Each structure stands twice: as C-alpha cells, then as structure tokens.
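Enquirer: Got a structure for you, questions after.
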Amino acid sequence: MKVAGRIEKLPPYLFVEISKKIAEKKAKGIDVVSFGIGDPDMPTPERIIEKLCEQAHNPGNHRYPETEGLPELNKAIADWYKKRFGVELVPGKETLPLLGSKEGIGHISFCFIDRGDTALITDPGYPVYSISTQLAGGEVFYLPISEKNSYLPDLDKVPADVLKKTKLLWLNYPNNPTGAVAGPDFYEKAVQFARKNGILICHDAPYSEVAFDGFKPGSILQVSGSRDVAIEFHSLSKTYNMTGWRIGMAVGNSEMVNALYRLKTNLDSGIPQAIQYMAIEALNGSDSEVQARNDIYCRRRDKLCEALDAIGLKFSKPHASFYVWAGIPQGYTSASFAKELLEKVNIVVTPGTGYGPSGEGYIRFSITLPDGRLDEGIKRLRQWKKNK
C-alpha cells in the first residue's frame, strides 16, 4: 500500500513518541514520572460534569449537532470574551465552537494557504502550526525566538521576498513551550505589521487563564484594528480542565471565522450537544475555581523551579502556562539529555527540538502532574545530579 506523499512526509507527532516511551517502560514494570504532556491532572469541576449528566438524558441531544454550535454556546463565548477581555463579539458571526482548539488550528491553514504560500511561525513553537501549513501545501518560514528577545519574534527581520508570499502569521502567548508572555505593545506591533503587509494573524491563546503572580494575559482582539486581520483560538481544555471533552472556539475576524465554518461543514458534524451545554455551564460560571487551580499550579511551579535551580539548570520562571523551559547541561543535546533522564532516573521530559530547530539546548517540563508525582520527580532529578 502506498499512502499519499503528504502523509509519508509527516514526522511522528511529538507526544505520540513520548507516550510510546512511557508505555515501553511501564510494560517492563518500571515506574515513570512524566513531565512530558501538558494535560491537566485535576478533574473537570463538578458543576460542569453535573450539567453533562443532565443533558445526556435529553433525547434532543442524541442527534446530529450543527457545525455552528448552539446559539446559547455562541452567546456564552461572546459573553465570556466581554467579561474577561472587554471584547465585544457578534455571536455566530465572530464566534465558532470547535472540537478542541487543535482542530481549528489544524484546519485554518486549508482555508488560506495555497501551494507556494508561506506561513510565519515562531521557532520554537507548537508543532501543529507548521504541520498544518505543510499539509495544505504551504511553506514555513521560521521566526526564531529566544531569551534574548523575551521569546517574541522580530517581525522587522522578515525578508521582503518572504513577505510577498506570506498569508498567515502564527502567534501563541502565553507561549508553549517557553511559558513566555506578550503585552499590548507587541500585539499592537503585530497587528500593524499584518495590516501593512496584507497578512492574517492566527493567535493561539489556550493558556490565557493559567497565570500567576498577579499577571493577567490579554487577547490580541483588544488591539484596535485587530478584527480586520486576526482570529484567536481558545480552549476550555486548560481553563476548566476539559481536555478530554474536546471543545474550544475560534473568534475574531468574521471572514476568517466563516471560512473555517465552511470547511468544517464539509468535514465534521459538530460538537455533541451535551458537551456544548457543559461548555455553556463552564463559561457562565465563577472564576473562583480557576484561581484556586492556578494557586496549585503556582505552588508546583515554585517547587520545580527551586529544584531546577538546585541541580544547576538555567530557566526563566514563567508567569503563565503549564511549562518551565530549562536549559540543558553542557555536553548534551536536548534529545540526549532527555534520553539520559529517562534511562537513568525514569523521568520523561520533552526535548526542545520537538518544537523546532531553535529548541535545541532546552527541555520542557510540564507541571500537570499530581503533587505526589511531582515530589517523586523532583527527588529523581536530585538523584540524577547526585550521581553525576
């Protein structure tokens, strides 16, 4: 059997490889502590689960849903954006529910990228941005980000010949994998850059509600003129511990939202309605449970950072996201150091090169593991250092 060339060229998805390594260890009876995948370990709030149970018994929710989502959900999305960011959206026109934000991120390239078009993508960055571009027949131009530039891309350095072919600019703040954040000044510059060059912005913002130290991440849609050029992807996965329920949203420029809607009508049948009611309950609820959860993540972040400092790994303490982006010791590559931690002390971390060439020299730790497992992982990190 010969599969399509676009599939043959696909690299293995980063987290599939990590999961395989964990499974191999576990099959041998070895206990593995994983700092690998950013999947919330805390449960979905009880009030949201109760709404699912209630709506699951409604026969009207047993049939095909509509791609555009329930009017009540679109209104809840718009209301949440108004409450959280002061951004007013037209429900159903500037909002679109998604089967998780990853689905929308993966599909938006097919709406705007033709063969030979270019997407600007920060490096390191979430792998789906580049993969979706390549699947759509486009080319990727990487924008290196590093600690020197606060992990923000220098848009002025994009060559003129690249700009002529560029259709999309991908941004992601708070950032995965670095944990970096962006402020209004950067968003304003990005919007001006996009408008000047006829480029559309895709801003991936699933970590806006995972923040610490009094920091409050913003939305690119708060910038004047952003609605002309930008779509923002958001998710209930990180905000309400709903990764397994697969629900998110795209909001912003109405033409971009409509293009994604038109594609989706031909590819999926919408989000199960009982889950849509879960999302409505989540978005209309109190922020207190989000803050309580962030307090737990903050404590974990501090504990991990203290341990990394003790074993001599350099890092910048993040003000948002699940992640700590740490430099590796001299004499290793990102992959070899990750391999050593797995082989010597049965710890899984993500090598920085999984996020692009500029990730070399770093590894990513996720703090989405229970406190007891975090403590065990820290104990093993200290043991690795002791045995060096």
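Numbering starts fresh at 1 for the residues of each chain in the structure tokens, the chains themselves are lettered A, B, ... in the order given, and ligands are numbered from 1 as they appear.
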Write out as number ranges by chain each polymer residue whose atoms come within 6 Å of region 52-67 of chain A, counting only C-alpha atoms; drop sequence neighbours fewer than 2 positions from it.

Expert: A: 49-50, 69, 265, 269-270, 272-274, 278

Enquirer: With N, CA and C atoms retained, export the selected residues as a PDB file, in the first residue's frame.

Expert:
```pdb
ATOM      1  N   ILE A  49     -19.666  18.727  35.188  1.00  0.00           N
ATOM      2  CA  ILE A  49     -19.987  17.305  34.999  1.00  0.00           C
ATOM      3  C   ILE A  49     -21.482  17.075  35.214  1.00  0.00           C
ATOM      4  N   GLU A  50     -22.047  17.727  36.230  1.00  0.00           N
ATOM      5  CA  GLU A  50     -23.477  17.562  36.508  1.00  0.00           C
ATOM      6  C   GLU A  50     -24.320  18.055  35.332  1.00  0.00           C
ATOM      7  N   GLY A  69     -22.733  25.238  16.103  1.00  0.00           N
ATOM      8  CA  GLY A  69     -22.914  25.211  17.543  1.00  0.00           C
ATOM      9  C   GLY A  69     -24.232  25.820  17.987  1.00  0.00           C
ATOM     10  N   THR A 265     -18.094  22.445   7.879  1.00  0.00           N
ATOM     11  CA  THR A 265     -19.378  21.858   7.489  1.00  0.00           C
ATOM     12  C   THR A 265     -19.187  20.662   6.565  1.00  0.00           C
ATOM     13  N   SER A 269     -19.417  16.971  11.949  1.00  0.00           N
ATOM     14  CA  SER A 269     -20.844  17.162  12.217  1.00  0.00           C
ATOM     15  C   SER A 269     -21.086  17.919  13.517  1.00  0.00           C
ATOM     16  N   GLY A 270     -20.102  18.664  13.958  1.00  0.00           N
ATOM     17  CA  GLY A 270     -20.292  19.485  15.136  1.00  0.00           C
ATOM     18  C   GLY A 270     -19.948  18.786  16.437  1.00  0.00           C
ATOM     19  N   PRO A 272     -20.900  17.268  20.103  1.00  0.00           N
ATOM     20  CA  PRO A 272     -22.075  16.696  20.778  1.00  0.00           C
ATOM     21  C   PRO A 272     -22.746  17.736  21.677  1.00  0.00           C
ATOM     22  N   GLN A 273     -24.063  17.832  21.573  1.00  0.00           N
ATOM     23  CA  GLN A 273     -24.749  18.933  22.235  1.00  0.00           C
ATOM     24  C   GLN A 273     -24.648  18.884  23.750  1.00  0.00           C
ATOM     25  N   ALA A 274     -24.603  17.691  24.332  1.00  0.00           N
ATOM     26  CA  ALA A 274     -24.466  17.607  25.794  1.00  0.00           C
ATOM     27  C   ALA A 274     -23.156  18.240  26.240  1.00  0.00           C
ATOM     28  N   MET A 278     -22.146  21.579  28.603  1.00  0.00           N
ATOM     29  CA  MET A 278     -21.057  21.647  29.580  1.00  0.00           C
ATOM     30  C   MET A 278     -20.275  22.952  29.425  1.00  0.00           C
TER      31      MET A 278
END
```

Enquirer: Region 82-324 of chain A: which residues are strand (DSSP E or B) by DSSP, as an MDAnalysis selection string?

Expert: chainID A and resid 95:98 118:123 139:144 166:172 200:204 211 230:235 248:252 315 320 323:324

Enquirer: Store the residues picked out above, limited to N, CA and C atoms, as a short mmCIF file (atom, residue, chain, number, x, y, z; two decimals), in the first residue's frame.

Expert:
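Once everything was written out, this is selection.cif:
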```cif
data_model
loop_
_atom_site.label_atom_id
_atom_site.label_comp_id
_atom_site.auth_asym_id
_atom_site.auth_seq_id
_atom_site.Cartn_x
_atom_site.Cartn_y
_atom_site.Cartn_z
N THR A 95 -17.85 34.21 16.25
CA THR A 95 -17.56 33.09 17.16
C THR A 95 -17.86 31.77 16.45
N LEU A 96 -17.05 30.76 16.74
CA LEU A 96 -17.28 29.43 16.17
C LEU A 96 -16.77 28.38 17.14
N PRO A 97 -17.65 27.54 17.71
CA PRO A 97 -17.19 26.45 18.57
C PRO A 97 -16.39 25.43 17.77
N LEU A 98 -15.42 24.82 18.43
CA LEU A 98 -14.52 23.85 17.79
C LEU A 98 -14.47 22.56 18.58
N THR A 118 3.21 31.06 2.09
CA THR A 118 4.07 30.93 3.26
C THR A 118 3.32 31.30 4.53
N ALA A 119 3.65 30.60 5.61
CA ALA A 119 3.19 30.97 6.95
C ALA A 119 4.41 31.28 7.81
N LEU A 120 4.34 32.36 8.56
CA LEU A 120 5.39 32.73 9.51
C LEU A 120 5.08 32.07 10.84
N ILE A 121 6.05 31.31 11.36
CA ILE A 121 5.80 30.53 12.57
C ILE A 121 6.98 30.69 13.52
N THR A 122 6.68 31.01 14.78
CA THR A 122 7.75 31.17 15.76
C THR A 122 8.43 29.83 16.02
N ASP A 123 9.72 29.92 16.26
CA ASP A 123 10.56 28.74 16.49
C ASP A 123 11.39 28.98 17.75
N GLU A 139 4.52 26.66 2.64
CA GLU A 139 5.89 26.64 3.13
C GLU A 139 5.97 27.38 4.46
N VAL A 140 6.90 26.95 5.29
CA VAL A 140 7.08 27.54 6.61
C VAL A 140 8.32 28.42 6.62
N PHE A 141 8.18 29.63 7.15
CA PHE A 141 9.33 30.48 7.41
C PHE A 141 9.40 30.68 8.91
N TYR A 142 10.46 30.16 9.51
CA TYR A 142 10.57 30.19 10.97
C TYR A 142 11.08 31.54 11.46
N LEU A 143 10.46 32.02 12.52
CA LEU A 143 10.88 33.24 13.20
C LEU A 143 11.51 32.83 14.53
N PRO A 144 12.84 32.82 14.63
CA PRO A 144 13.48 32.37 15.87
C PRO A 144 13.10 33.27 17.05
N THR A 166 3.67 35.56 1.96
CA THR A 166 3.13 35.20 3.27
C THR A 166 1.63 35.47 3.36
N LYS A 167 0.90 34.47 3.85
CA LYS A 167 -0.54 34.60 4.08
C LYS A 167 -0.88 34.65 5.56
N LEU A 168 -0.16 33.88 6.38
CA LEU A 168 -0.51 33.76 7.79
C LEU A 168 0.69 34.02 8.69
N LEU A 169 0.43 34.61 9.84
CA LEU A 169 1.40 34.74 10.92
C LEU A 169 0.83 34.04 12.14
N TRP A 170 1.57 33.05 12.65
CA TRP A 170 1.13 32.32 13.84
C TRP A 170 1.80 32.90 15.09
N LEU A 171 0.98 33.22 16.08
CA LEU A 171 1.46 33.68 17.38
C LEU A 171 0.81 32.84 18.47
N ASN A 172 1.47 32.75 19.62
CA ASN A 172 0.97 31.91 20.71
C ASN A 172 1.51 32.44 22.03
N LEU A 200 -2.71 37.70 7.52
CA LEU A 200 -3.68 37.37 8.56
C LEU A 200 -2.96 36.76 9.75
N ILE A 201 -3.44 37.08 10.96
CA ILE A 201 -2.83 36.57 12.20
C ILE A 201 -3.71 35.47 12.78
N CYS A 202 -3.08 34.37 13.15
CA CYS A 202 -3.73 33.31 13.91
C CYS A 202 -3.08 33.31 15.29
N HIS A 203 -3.83 33.72 16.30
CA HIS A 203 -3.29 33.77 17.66
C HIS A 203 -3.88 32.63 18.48
N ASP A 204 -3.00 31.78 18.97
CA ASP A 204 -3.40 30.60 19.76
C ASP A 204 -3.25 30.98 21.24
N ALA A 211 -2.30 31.56 34.83
CA ALA A 211 -1.35 32.65 35.06
C ALA A 211 -1.12 32.85 36.55
N ALA A 230 -7.24 39.39 12.38
CA ALA A 230 -6.88 38.35 13.35
C ALA A 230 -8.03 37.44 13.72
N ILE A 231 -7.67 36.18 13.93
CA ILE A 231 -8.56 35.19 14.54
C ILE A 231 -7.81 34.64 15.75
N GLU A 232 -8.56 34.40 16.82
CA GLU A 232 -7.94 33.88 18.04
C GLU A 232 -8.56 32.53 18.38
N PHE A 233 -7.69 31.58 18.69
CA PHE A 233 -8.14 30.24 19.09
C PHE A 233 -8.06 30.14 20.61
N HIS A 234 -9.13 29.62 21.18
CA HIS A 234 -9.15 29.45 22.63
C HIS A 234 -9.72 28.07 22.94
N SER A 235 -9.61 27.69 24.20
CA SER A 235 -9.97 26.33 24.56
C SER A 235 -10.50 26.29 25.98
N GLY A 248 -13.52 23.85 22.15
CA GLY A 248 -12.82 25.13 22.15
C GLY A 248 -13.56 26.09 21.25
N MET A 249 -12.89 27.18 20.85
CA MET A 249 -13.57 28.15 20.00
C MET A 249 -12.56 28.97 19.19
N ALA A 250 -13.05 29.46 18.07
CA ALA A 250 -12.32 30.44 17.27
C ALA A 250 -13.16 31.71 17.26
N VAL A 251 -12.49 32.85 17.44
CA VAL A 251 -13.22 34.11 17.50
C VAL A 251 -12.43 35.18 16.76
N GLY A 252 -13.12 36.23 16.32
CA GLY A 252 -12.42 37.34 15.68
C GLY A 252 -12.97 37.68 14.31
N PHE A 315 16.82 28.63 33.81
CA PHE A 315 15.44 28.78 33.35
C PHE A 315 14.96 30.18 33.70
N ALA A 320 3.02 32.44 33.30
CA ALA A 320 1.79 31.83 32.77
C ALA A 320 2.15 30.50 32.10
N TYR A 323 4.24 25.38 31.80
CA TYR A 323 5.56 24.90 31.41
C TYR A 323 6.72 25.68 32.01
N VAL A 324 7.80 24.93 32.25
CA VAL A 324 9.08 25.53 32.60
C VAL A 324 10.07 25.10 31.52
#
```

Enquirer: Do you know which residues are at most 10 Å from Asn258 (chain A) counting only C-alpha atoms, after dropping those on the same chain fewer than 6 positions away, and could you put them as an MDAnalysis selection string?

Expert: chainID A and resid 68 92:96 111 264

Enquirer: What parts of region 7-119 of chain A does DSSP call helix (DSSP H, G or I)? I'd like the answer as a PyMOL selection string.

Expert: chain A and resi 7-8+14-27+46-56+59-62+71-85+101-112

Enquirer: Of the candidates A:Gly361, A:Gly183, A:Gly5, A:Gly354, which one gets nearest to Tyr126 (chain A) if we count only C-alpha atoms?

Expert: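 The closest residue to Tyr126 (chain A) is A:Gly354.
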
Enquirer: For each of A:Asn284, A:Asn241, A:Asn149, A:Gln383, take the minimum atom-to-atom distance to Trp80 (chain A), counting only C-alpha atoms, then give the residue where this is smallest.

Expert: A:Asn284

Enquirer: If you take only C-alpha atoms and a cut-off of 7 Å, which residues of region 173-247 of chain A touch region 289-302 of chain A, and what are their nearest atom pairs and distances in Å to one decimal, in chain and number order, as a Markdown table?

Expert:
```
| residue | atom | partner | partner_atom | distance |
| --- | --- | --- | --- | --- |
| A:Val210 | CA | A:Asn294 | CA | 6.1 |
| A:Ala211 | CA | A:Asn294 | CA | 6.7 |
| A:Phe212 | CA | A:Cys298 | CA | 6.2 |
| A:Thr239 | CA | A:Val290 | CA | 6.7 |
```

Enquirer: Go through A:Ser101, A:Ser208, A:Thr350, A:Ser254 one by one, measure the shortest atom-to-atom distance of each to Ile328 (chain A) using only C-alpha atoms, and give the residue with the smallest value.

Expert: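 Smallest distance to Ile328 (chain A) is found for A:Thr350.
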
Enquirer: With only C-alpha atoms as the atoms that count, which of A:Ile199, A:Asn176, A:Leu374, A:Lys339 lies nearest to Lys164 (chain A)?

Expert: A:Ile199
